[in-house]
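Source file data_36.cif; content: mmCIF, C-alpha atoms.
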data_protein
loop_
_atom_site.label_atom_id
_atom_site.label_comp_id
_atom_site.auth_asym_id
_atom_site.auth_seq_id
_atom_site.Cartn_x
_atom_site.Cartn_y
_atom_site.Cartn_z
CA MET T 837 6.54 7.37 63.50
CA GLY T 838 3.93 5.47 61.60
CA MET T 839 3.35 2.02 60.27
CA LYS T 840 2.37 1.61 56.64
CA ASN T 841 2.94 -0.82 53.82
CA ASP T 842 4.54 0.39 50.59
CA SER T 843 1.58 -0.27 48.32
CA ALA T 844 -1.89 -1.74 48.61
CA PHE T 845 -4.40 -1.76 45.79
CA LEU T 846 -7.62 -3.50 44.85
CA VAL T 847 -8.07 -5.22 41.49
CA THR T 848 -11.55 -6.77 41.03
CA ASP T 849 -11.82 -9.25 43.92
CA VAL T 850 -8.16 -9.31 44.95
CA VAL T 851 -6.39 -6.89 47.32
CA ASN T 852 -2.66 -6.82 46.64
CA MET T 853 -0.33 -5.75 49.44
CA TYR T 854 3.19 -5.17 48.18
CA GLU T 855 6.23 -4.03 50.15
CA GLN T 856 9.88 -3.55 49.25
CA GLN T 857 12.55 -4.51 51.78
CA SER T 858 16.29 -3.92 51.56
CA THR T 859 16.77 -6.02 54.71
CA TYR T 860 15.55 -9.57 55.24
CA ASN T 861 12.73 -9.61 57.77
CA PRO T 862 11.23 -12.95 58.89
CA ASN T 863 8.49 -11.03 60.73
CA MET T 864 6.75 -9.90 57.55
CA PRO T 865 3.78 -12.27 58.16
CA VAL T 866 3.19 -10.57 61.53
CA ARG T 867 3.39 -7.13 59.96
CA LYS T 868 1.18 -8.11 57.02
CA LEU T 869 -1.40 -9.49 59.45
CA MET T 870 -1.50 -6.07 61.12
CA TYR T 871 -1.63 -4.25 57.78
CA ALA T 872 -4.43 -6.51 56.54
CA ALA T 873 -6.51 -6.01 59.68
CA ARG T 874 -6.33 -2.24 59.25
CA LEU T 875 -7.02 -2.43 55.53
CA TYR T 876 -10.05 -4.69 55.92
CA ASP T 877 -11.38 -2.50 58.72
CA LYS T 878 -11.19 0.48 56.37
CA TYR T 879 -12.76 -1.51 53.52
CA ILE T 880 -15.65 -2.65 55.71
CA HIS T 881 -16.39 0.90 56.87
CA MET T 882 -16.05 2.41 53.40
CA ASN T 883 -18.46 -0.15 51.95
CA ARG T 884 -20.77 -0.03 54.99
CA LEU T 885 -20.62 -3.77 55.51
CA ASN T 886 -22.33 -5.19 58.57
CA ILE T 887 -20.06 -7.73 60.25
CA TYR T 888 -22.79 -8.45 62.82
CA SER T 889 -25.30 -9.50 60.18
CA THR T 890 -26.60 -13.05 59.82
CA ARG T 891 -25.61 -12.83 56.14
CA GLN T 892 -22.07 -13.54 55.01
CA ILE T 893 -20.20 -10.39 53.95
CA HIS T 894 -17.90 -10.55 50.91
CA LEU T 895 -14.27 -9.44 51.09
CA PRO T 896 -11.49 -9.30 48.48
CA VAL T 897 -8.86 -12.04 48.59
CA PRO T 898 -5.50 -10.87 50.02
CA LYS T 899 -2.24 -11.43 48.15
CA LEU T 900 0.85 -10.62 50.22
CA VAL T 901 4.18 -9.99 48.52
CA THR T 902 7.52 -8.65 49.71
CA PHE T 903 10.08 -7.59 47.11
CA TYR T 904 13.54 -8.13 48.54
CA ASN T 905 16.66 -6.39 47.18
CA GLY T 906 19.06 -6.55 50.11
CA LYS T 907 22.75 -7.40 49.91
CA GLU T 908 22.35 -10.61 51.89
CA GLU T 909 21.88 -13.60 49.60
CA ARG T 910 18.27 -14.79 49.83
CA GLU T 911 16.25 -17.08 47.62
CA ASP T 912 12.54 -16.69 46.93
CA SER T 913 10.58 -18.15 49.81
CA ILE T 914 7.25 -18.31 51.59
CA LEU T 915 7.29 -16.70 55.04
CA GLU T 916 4.62 -18.03 57.37
CA LEU T 917 3.06 -16.67 60.54
CA LYS T 918 3.26 -20.10 62.19
CA ASP T 919 7.04 -19.69 62.43
CA ALA T 920 6.47 -16.94 65.01
CA PHE T 921 4.61 -19.24 67.37
CA ARG T 922 7.55 -20.58 69.35
CA LYS T 923 8.63 -21.00 72.94
CA GLU T 924 11.40 -18.93 74.51
CA ASP T 925 13.94 -21.63 73.62
CA GLY T 926 12.93 -21.41 69.95
CA GLN T 927 11.06 -24.71 69.86
CA PRO T 928 7.67 -24.70 68.07
CA ILE T 929 4.54 -24.74 70.21
CA ASP T 930 2.71 -28.01 69.69
CA VAL T 931 -0.68 -26.42 69.11
CA GLU T 932 -2.20 -25.79 65.68
CA SER T 933 -2.87 -22.11 65.06
CA ASP T 934 -6.29 -20.98 63.86
CA ILE T 935 -4.69 -18.02 62.08
CA GLN T 936 -2.53 -18.58 59.02
CA VAL T 937 -0.66 -15.90 57.08
CA ARG T 938 1.67 -16.54 54.16
CA VAL T 939 3.90 -13.90 52.53
CA ARG T 940 5.66 -14.54 49.25
CA MET T 941 9.16 -13.04 49.31
CA ILE T 942 10.60 -12.38 45.84
CA ASN T 943 14.25 -11.49 45.29
CA ILE T 944 14.41 -8.60 42.79
CA ASN T 945 18.16 -8.12 42.81
CA TYR T 946 19.82 -7.87 39.40
CA GLY T 947 20.24 -11.32 37.88
CA LYS T 948 17.43 -12.87 39.94
CA ASN T 949 13.95 -13.86 38.75
CA LYS T 950 14.73 -13.48 35.07
CA GLU T 951 11.20 -14.45 34.01
CA LEU T 952 9.70 -11.69 36.15
CA MET T 953 12.31 -9.20 34.98
CA SER T 954 11.67 -9.96 31.33
CA ALA T 955 7.96 -9.39 31.90
CA CYS T 956 8.56 -6.07 33.68
CA ARG T 957 11.29 -4.05 31.98
CA PRO T 958 11.19 -1.08 34.44
CA LEU T 959 11.84 -3.50 37.32
CA LEU T 960 14.83 -4.94 35.46
CA GLU T 961 16.18 -1.44 34.86
CA TYR T 962 15.70 -0.51 38.54
CA ALA T 963 17.52 -3.69 39.62
CA TRP T 964 20.41 -2.79 37.29
CA PHE T 965 20.53 0.74 38.74
CA ILE T 966 20.75 -0.48 42.35
CA GLU T 967 23.41 -3.05 41.44
CA GLU T 968 25.44 -0.37 39.66
CA ILE T 969 25.26 1.92 42.70
CA ARG T 970 26.47 -0.87 44.97
CA ARG T 971 29.32 -1.71 42.63
CA ASN T 972 30.38 1.95 42.45
CA ASN T 973 30.06 2.39 46.20
CA LYS T 974 32.92 -0.04 46.75
CA ARG T 975 35.35 2.53 45.34
CA MET T 976 33.61 5.88 45.89
CA GLU T 977 31.25 7.72 48.24
CA ILE T 978 27.54 6.95 47.95
CA GLU T 979 26.62 10.29 46.34
CA ALA T 980 29.25 9.87 43.63
CA ALA T 981 28.14 6.24 43.20
CA VAL T 982 24.59 7.39 42.41
CA ASP T 983 25.85 10.01 39.89
CA SER T 984 28.08 7.47 38.19
CA ALA T 985 25.24 4.92 37.95
CA LEU T 986 22.95 7.51 36.34
CA ASP T 987 25.65 8.49 33.85
CA ALA T 988 26.33 4.85 32.93
CA MET T 989 22.65 3.95 32.53
CA PRO T 990 21.86 2.99 28.91
CA GLU T 991 19.89 5.62 27.00
CA ASP T 992 17.16 3.15 26.07
CA PHE T 993 16.22 2.54 29.73
CA SER T 994 12.69 3.86 30.17
CA ILE T 995 13.32 4.94 33.78
CA LYS T 996 16.37 7.07 32.95
CA LYS T 997 14.45 10.25 32.06
CA LEU T 998 12.35 9.92 35.20
CA LEU T 999 15.40 9.41 37.41
CA ILE T 1000 17.29 12.33 35.87
CA ALA T 1001 14.24 14.60 36.09
CA ASN T 1002 14.06 13.79 39.81
CA LYS T 1003 17.79 13.44 40.34
CA ALA T 1004 17.93 15.30 43.65
CA GLU T 1005 15.17 13.16 45.17
CA VAL T 1006 16.69 9.95 43.78
CA LYS T 1007 20.09 10.78 45.27
CA GLN T 1008 18.59 11.70 48.61
CA MET T 1009 16.59 8.45 48.71
CA CYS T 1010 19.67 6.35 47.94
CA ILE T 1011 21.86 8.24 50.41
CA THR T 1012 19.22 8.02 53.13
CA GLU T 1013 18.82 4.27 52.63
CA TYR T 1014 22.59 3.79 52.66
CA ASP T 1015 23.03 5.88 55.81
CA GLU T 1016 20.17 4.06 57.48
CA ALA T 1017 21.67 0.67 56.63
CA GLU T 1018 25.00 1.77 58.13
CA THR T 1019 23.26 3.12 61.24
CA MET T 1020 21.29 -0.09 61.65
CA ALA T 1021 24.45 -2.17 61.47
CA GLN T 1022 26.06 -0.01 64.14
CA PHE T 1023 23.02 -0.25 66.40
CA ARG T 1024 22.91 -4.03 66.04
CA GLU T 1025 26.58 -4.34 67.00
CA GLU T 1026 26.14 -1.93 69.91
CA GLY T 1027 23.14 -3.92 71.04
CA ARG T 1028 25.13 -7.17 70.98
CA GLU T 1029 28.04 -5.63 72.92
CA GLU T 1030 25.84 -3.95 75.51
CA GLY T 1031 23.74 -7.06 75.89
CA ARG T 1032 26.86 -9.15 76.54
CA GLU T 1033 28.37 -6.65 78.96
CA GLU T 1034 25.34 -5.44 80.87
CA GLY T 1035 22.07 -6.96 79.73
CA ARG T 1036 20.27 -4.07 81.43
CA GLU T 1037 16.94 -2.56 80.47
CA GLU T 1038 18.54 0.89 80.36
CA ASP T 1039 20.90 -0.25 77.57
CA LYS T 1040 17.99 -1.32 75.41
CA GLU T 1041 16.24 1.94 76.14
CA GLU T 1042 19.28 3.97 75.04
CA ILE T 1043 19.49 2.11 71.72
CA VAL T 1044 15.76 2.61 71.06
CA LEU T 1045 15.90 6.32 71.92
CA ASN T 1046 18.95 6.90 69.73
CA MET T 1047 17.23 5.23 66.78
CA SER T 1048 14.09 7.27 67.43
CA ARG T 1049 16.10 10.51 67.45
CA ASP T 1050 17.51 9.56 64.05
CA ASN T 1051 13.91 9.33 62.76
CA ILE T 1052 14.14 5.60 62.10
CA SER T 1053 10.69 4.08 61.62
CA LEU T 1054 8.99 2.10 64.38
CA ASP T 1055 9.01 -1.20 62.51
CA LYS T 1056 12.76 -0.97 61.85
CA ILE T 1057 13.50 -0.06 65.46
CA VAL T 1058 11.62 -3.21 66.49
CA LEU T 1059 13.46 -5.29 63.87
CA TYR T 1060 16.98 -4.17 64.70
CA SER T 1061 16.75 -3.61 68.45
CA GLY T 1062 15.02 -6.90 69.22
CA VAL T 1063 12.60 -5.02 71.50
CA SER T 1064 8.85 -5.54 71.15
CA GLU T 1065 6.77 -2.79 69.56
CA ALA T 1066 4.86 -2.19 72.81
CA ARG T 1067 8.13 -1.88 74.75
CA VAL T 1068 9.63 0.47 72.14
CA LEU T 1069 6.64 2.78 72.44
CA GLU T 1070 6.91 2.57 76.22
CA PHE T 1071 10.60 3.53 76.10
CA ILE T 1072 9.87 6.50 73.84
CA MET T 1073 6.89 7.81 75.81
CA TYR T 1074 8.12 6.94 79.31
CA PRO T 1075 11.93 6.73 79.33
CA ILE T 1076 13.29 4.73 82.28
CA ARG T 1077 15.86 7.33 83.29
CA TRP T 1078 13.18 10.04 83.45
CA THR T 1079 10.97 7.84 85.57
CA ARG T 1080 13.90 7.10 87.89
CA GLN T 1081 14.77 10.77 88.19
CA GLU T 1082 11.16 11.66 89.02
CA GLU T 1083 11.11 8.97 91.69
CA GLY T 1084 14.49 10.08 93.07
CA ILE T 1085 16.23 6.85 92.07
CA ALA T 1086 19.89 7.19 91.09
#
Let me see the structure of the file written as structure tokens.
Amino acid sequence: MGMKNDSAFLVTDVVNMYEQQSTYNPNMPVRKLMYAARLYDKYIHMNRLNIYSTRQIHLPVPKLVTFYNGKEEREDSILELKDAFRKEDGQPIDVESDIQVRVRMININYGKNKELMSACRPLLEYAWFIEEIRRNNKRMEIEAAVDSALDAMPEDFSIKKLLIANKAEVKQMCITEYDEAETMAQFREEGREEGREEGREEDKEEIVLNMSRDNISLDKIVLYSGVSEARVLEFIMYPIRWTRQEEGIA
């Protein structure tokens, strides 16, 4: 499992970090903070900048954007790191943070952000394609839904040739995302039920391990299980039941 953002690129003095999400994630500012730290560390080493110097080093300005195309209705918004600084009861901590991170979330579902779509025709065509697949999937299996969407795509769509030329990969990507979304929903429901019935650490561990076996990425395991990243890694590397067996605990 690895952690990476979808796309990061440098244009003059601005570093753009873009990520596409099919599920709403309020923790994007936390993740972007981690991405940015790694990216700047790499930039500093590549450019041999001395952060211990008495002279100010120069860094590109970060722009953080998440493109959202999930089924849940969401408007464009600014997600802020400060929203993560809360007490256990959910109340904000009355201390001003010295670290601020803002992520612009843009809804790219079909029919949203018309100005952006008109300025980027391939994005509009992609949004139409995903919407068509979802519409088809209500009355047919996901694989057939993808085929039908490709067949119905207007001939003047610039992305059509690319999608058809890579049809197998496109279908696999769509099917994988669909299956993952279904799996995530099941895990969330299982987590709620097990939490209500038992509330035991072993239940959380089982959910995490099952998701890991299905090759679900670390960040999504954290998102859907509600378990911290450090604890997820601990579960995977040192499962509780193994530890108990080694210690002779039933």
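Going from CA of Met882 (chain T) over to CA of Met870 (chain T), you cover 18.5 Å.
In this structure, CA of Val851 (chain T) sits 5.8 Å away from CA of Pro896 (chain T).
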Exercise for the section: Excluding region 994-1004 of chain T and any residue of its chain fewer than 2 positions from it, enumerate the residues within 12 Å of it, using all atoms listed in the file, and give them as a list in words. Expected result: Cys956, Arg957, Pro958, Leu959, Leu960, Glu961, Tyr962, Ala963, Trp964, Phe965, Glu979, Val982, Asp983, Ala985, Leu986, Asp987, Ala988, Met989, Pro990, Glu991, Asp992, Val1006, Lys1007, Gln1008, Met1009, Cys1010 and Ile1011 of chain T
Exercise for the section: Please measure the separation of CA of Asp934 (chain T) and CA of Phe903 (chain T), giving the value in Å to one decimal. Expected result: 27.0 Å
Practice task
Starting from the point (-15.7, -11.2, 51.8), work out which residues of protein, DNA or RNA have an atom no more than 10 Å away when counting all atoms listed in the file; state them as a PyMOL selection string.
Solution key: chain T and resi 849+876+880+885+892-897
Could you tell me, as a PDB file with C-alpha atoms, in the frame of the given file, exactly which residues end up selected when the PyMOL selection byres ((chain T and resi 904) around 8) is applied to this structure?
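New file selection22.pdb:
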ATOM      1  CA  GLN T 856       9.880  -3.550  49.250  1.00  0.00           C
ATOM      2  CA  GLN T 857      12.550  -4.510  51.780  1.00  0.00           C
ATOM      3  CA  SER T 858      16.290  -3.920  51.560  1.00  0.00           C
ATOM      4  CA  THR T 859      16.770  -6.020  54.710  1.00  0.00           C
ATOM      5  CA  TYR T 860      15.550  -9.570  55.240  1.00  0.00           C
ATOM      6  CA  THR T 902       7.520  -8.650  49.710  1.00  0.00           C
ATOM      7  CA  PHE T 903      10.080  -7.590  47.110  1.00  0.00           C
ATOM      8  CA  ASN T 905      16.660  -6.390  47.180  1.00  0.00           C
ATOM      9  CA  GLY T 906      19.060  -6.550  50.110  1.00  0.00           C
ATOM     10  CA  MET T 941       9.160 -13.040  49.310  1.00  0.00           C
ATOM     11  CA  ILE T 942      10.600 -12.380  45.840  1.00  0.00           C
ATOM     12  CA  ASN T 943      14.250 -11.490  45.290  1.00  0.00           C
ATOM     13  CA  ILE T 944      14.410  -8.600  42.790  1.00  0.00           C
ATOM     14  CA  ASN T 945      18.160  -8.120  42.810  1.00  0.00           C
TER      15      ASN T 945
END
Exercise for the section: For the structure shown, which residues end up in the PyMOL selection byres ((chain T and resi 921) around 12)? Put them as a PyMOL selection string, please? Expected result: chain T and resi 863+865-866+916-920+922-936
Write the residues of the preceding selection, restricted to C-alpha atoms, as a PDB file, keeping the file's coordinate frame.
ATOM      1  CA  ASN T 863       8.490 -11.030  60.730  1.00  0.00           C
ATOM      2  CA  PRO T 865       3.780 -12.270  58.160  1.00  0.00           C
ATOM      3  CA  VAL T 866       3.190 -10.570  61.530  1.00  0.00           C
ATOM      4  CA  GLU T 916       4.620 -18.030  57.370  1.00  0.00           C
ATOM      5  CA  LEU T 917       3.060 -16.670  60.540  1.00  0.00           C
ATOM      6  CA  LYS T 918       3.260 -20.100  62.190  1.00  0.00           C
ATOM      7  CA  ASP T 919       7.040 -19.690  62.430  1.00  0.00           C
ATOM      8  CA  ALA T 920       6.470 -16.940  65.010  1.00  0.00           C
ATOM      9  CA  ARG T 922       7.550 -20.580  69.350  1.00  0.00           C
ATOM     10  CA  LYS T 923       8.630 -21.000  72.940  1.00  0.00           C
ATOM     11  CA  GLU T 924      11.400 -18.930  74.510  1.00  0.00           C
ATOM     12  CA  ASP T 925      13.940 -21.630  73.620  1.00  0.00           C
ATOM     13  CA  GLY T 926      12.930 -21.410  69.950  1.00  0.00           C
ATOM     14  CA  GLN T 927      11.060 -24.710  69.860  1.00  0.00           C
ATOM     15  CA  PRO T 928       7.670 -24.700  68.070  1.00  0.00           C
ATOM     16  CA  ILE T 929       4.540 -24.740  70.210  1.00  0.00           C
ATOM     17  CA  ASP T 930       2.710 -28.010  69.690  1.00  0.00           C
ATOM     18  CA  VAL T 931      -0.680 -26.420  69.110  1.00  0.00           C
ATOM     19  CA  GLU T 932      -2.200 -25.790  65.680  1.00  0.00           C
ATOM     20  CA  SER T 933      -2.870 -22.110  65.060  1.00  0.00           C
ATOM     21  CA  ASP T 934      -6.290 -20.980  63.860  1.00  0.00           C
ATOM     22  CA  ILE T 935      -4.690 -18.020  62.080  1.00  0.00           C
ATOM     23  CA  GLN T 936      -2.530 -18.580  59.020  1.00  0.00           C
TER      24      GLN T 936
END
Exercise for the section: Run the PyMOL selection byres ((chain T and resi 868) around 12) mentally over the shown coordinates, then write out the matched residues as JSON, numbers by chain, using the chain letters and numbers from the document. Expected result: {"T": [839, 840, 841, 842, 843, 844, 852, 853, 854, 855, 861, 862, 863, 864, 865, 866, 867, 869, 870, 871, 872, 873, 874, 875, 876, 898, 899, 900, 901, 902, 915, 916, 917, 936, 937, 938, 939, 940, 1055]}
Problem - Shell around region 1062-1071 of chain T at 8 Å using all atoms listed in the file, local window under 5 positions removed, as a PyMOL selection string - result: chain T and resi 1040-1041+1044-1045+1054-1055+1057+1076
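Each of T:Tyr946, T:Tyr1060, T:Phe993, T:Tyr888 was checked against Ile966 (chain T) using only C-alpha atoms; the smallest atom-to-atom distance is that of T:Tyr946.
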Given the block above, output region 838-936 of chain T with C-alpha atoms as a compact mmCIF listing (two decimals), in the first residue's frame.
# COMPACT_ATOMS: atom_id res chain seq x y z
CA GLY T 838 1.24 3.45 -0.75
CA MET T 839 0.11 7.00 -0.37
CA LYS T 840 0.22 9.29 -3.38
CA ASN T 841 -1.76 12.14 -4.84
CA ASP T 842 -3.22 11.82 -8.34
CA SER T 843 -1.22 14.60 -9.94
CA ALA T 844 1.33 17.18 -8.88
CA PHE T 845 3.10 19.49 -11.29
CA LEU T 846 5.11 22.69 -11.21
CA VAL T 847 4.25 25.66 -13.43
CA THR T 848 6.65 28.61 -13.00
CA ASP T 849 6.34 29.50 -9.30
CA VAL T 850 3.21 27.49 -8.51
CA VAL T 851 3.01 23.80 -7.54
CA ASN T 852 -0.41 22.37 -8.33
CA MET T 853 -1.59 19.33 -6.41
CA TYR T 854 -4.71 17.83 -7.94
CA GLU T 855 -6.64 14.76 -6.82
CA GLN T 856 -9.85 13.14 -7.99
CA GLN T 857 -12.22 11.66 -5.41
CA SER T 858 -15.37 9.63 -6.02
CA THR T 859 -16.15 9.76 -2.29
CA TYR T 860 -16.43 12.90 -0.18
CA ASN T 861 -13.50 13.12 2.22
CA PRO T 862 -13.36 15.97 4.78
CA ASN T 863 -9.80 14.89 5.68
CA MET T 864 -8.30 16.10 2.40
CA PRO T 865 -6.53 19.04 4.13
CA VAL T 866 -4.74 16.54 6.41
CA ARG T 867 -3.76 14.38 3.45
CA LYS T 868 -2.67 17.36 1.36
CA LEU T 869 -0.52 18.58 4.25
CA MET T 870 1.25 15.22 4.22
CA TYR T 871 1.57 15.23 0.42
CA ALA T 872 2.94 18.78 0.44
CA ALA T 873 5.53 18.00 3.11
CA ARG T 874 6.86 15.10 1.03
CA LEU T 875 6.77 17.11 -2.18
CA TYR T 876 8.62 20.08 -0.69
CA ASP T 877 11.18 17.76 0.88
CA LYS T 878 11.86 16.30 -2.56
CA TYR T 879 11.97 19.76 -4.15
CA ILE T 880 14.44 21.03 -1.56
CA HIS T 881 16.76 18.06 -2.08
CA MET T 882 16.52 18.17 -5.87
CA ASN T 883 17.38 21.87 -5.92
CA ARG T 884 19.99 21.52 -3.16
CA LEU T 885 18.40 24.21 -1.03
CA ASN T 886 19.85 24.81 2.41
CA ILE T 887 17.05 25.12 4.95
CA TYR T 888 19.62 25.83 7.68
CA SER T 889 21.00 28.87 5.90
CA THR T 890 20.63 32.42 7.22
CA ARG T 891 19.23 33.35 3.80
CA GLN T 892 15.58 32.81 2.95
CA ILE T 893 15.03 29.93 0.52
CA HIS T 894 12.41 30.30 -2.22
CA LEU T 895 9.64 27.74 -2.71
CA PRO T 896 6.78 27.49 -5.22
CA VAL T 897 3.31 28.45 -4.01
CA PRO T 898 1.02 25.44 -3.39
CA LYS T 899 -2.44 25.22 -4.94
CA LEU T 900 -4.53 22.34 -3.58
CA VAL T 901 -7.53 21.08 -5.52
CA THR T 902 -9.77 18.04 -5.20
CA PHE T 903 -12.05 17.15 -8.10
CA TYR T 904 -15.14 15.44 -6.72
CA ASN T 905 -17.44 13.25 -8.85
CA GLY T 906 -19.17 11.09 -6.26
CA LYS T 907 -22.86 10.21 -6.22
CA GLU T 908 -23.50 12.11 -2.98
CA GLU T 909 -24.70 15.65 -3.68
CA ARG T 910 -21.92 18.09 -2.79
CA GLU T 911 -21.42 21.73 -3.66
CA ASP T 912 -18.05 23.35 -4.29
CA SER T 913 -16.42 24.18 -0.99
CA ILE T 914 -13.21 25.03 0.81
CA LEU T 915 -12.01 22.30 3.17
CA GLU T 916 -9.79 23.56 5.97
CA LEU T 917 -7.30 21.85 8.25
CA LYS T 918 -8.62 23.79 11.25
CA ASP T 919 -11.80 21.69 11.13
CA ALA T 920 -9.73 18.68 12.22
CA PHE T 921 -8.63 20.35 15.44
CA ARG T 922 -11.48 19.28 17.69
CA LYS T 923 -12.03 17.64 21.04
CA GLU T 924 -13.40 14.11 21.40
CA ASP T 925 -16.93 15.50 21.70
CA GLY T 926 -16.55 17.31 18.37
CA GLN T 927 -16.25 20.78 19.84
CA PRO T 928 -13.51 23.03 18.38
CA ILE T 929 -10.37 23.55 20.44
CA ASP T 930 -10.16 27.17 21.52
CA VAL T 931 -6.56 27.65 20.42
CA GLU T 932 -5.51 29.27 17.14
CA SER T 933 -3.49 26.90 14.97
CA ASP T 934 -0.17 28.02 13.54
CA ILE T 935 -0.66 25.71 10.56
CA GLN T 936 -3.34 26.47 7.98
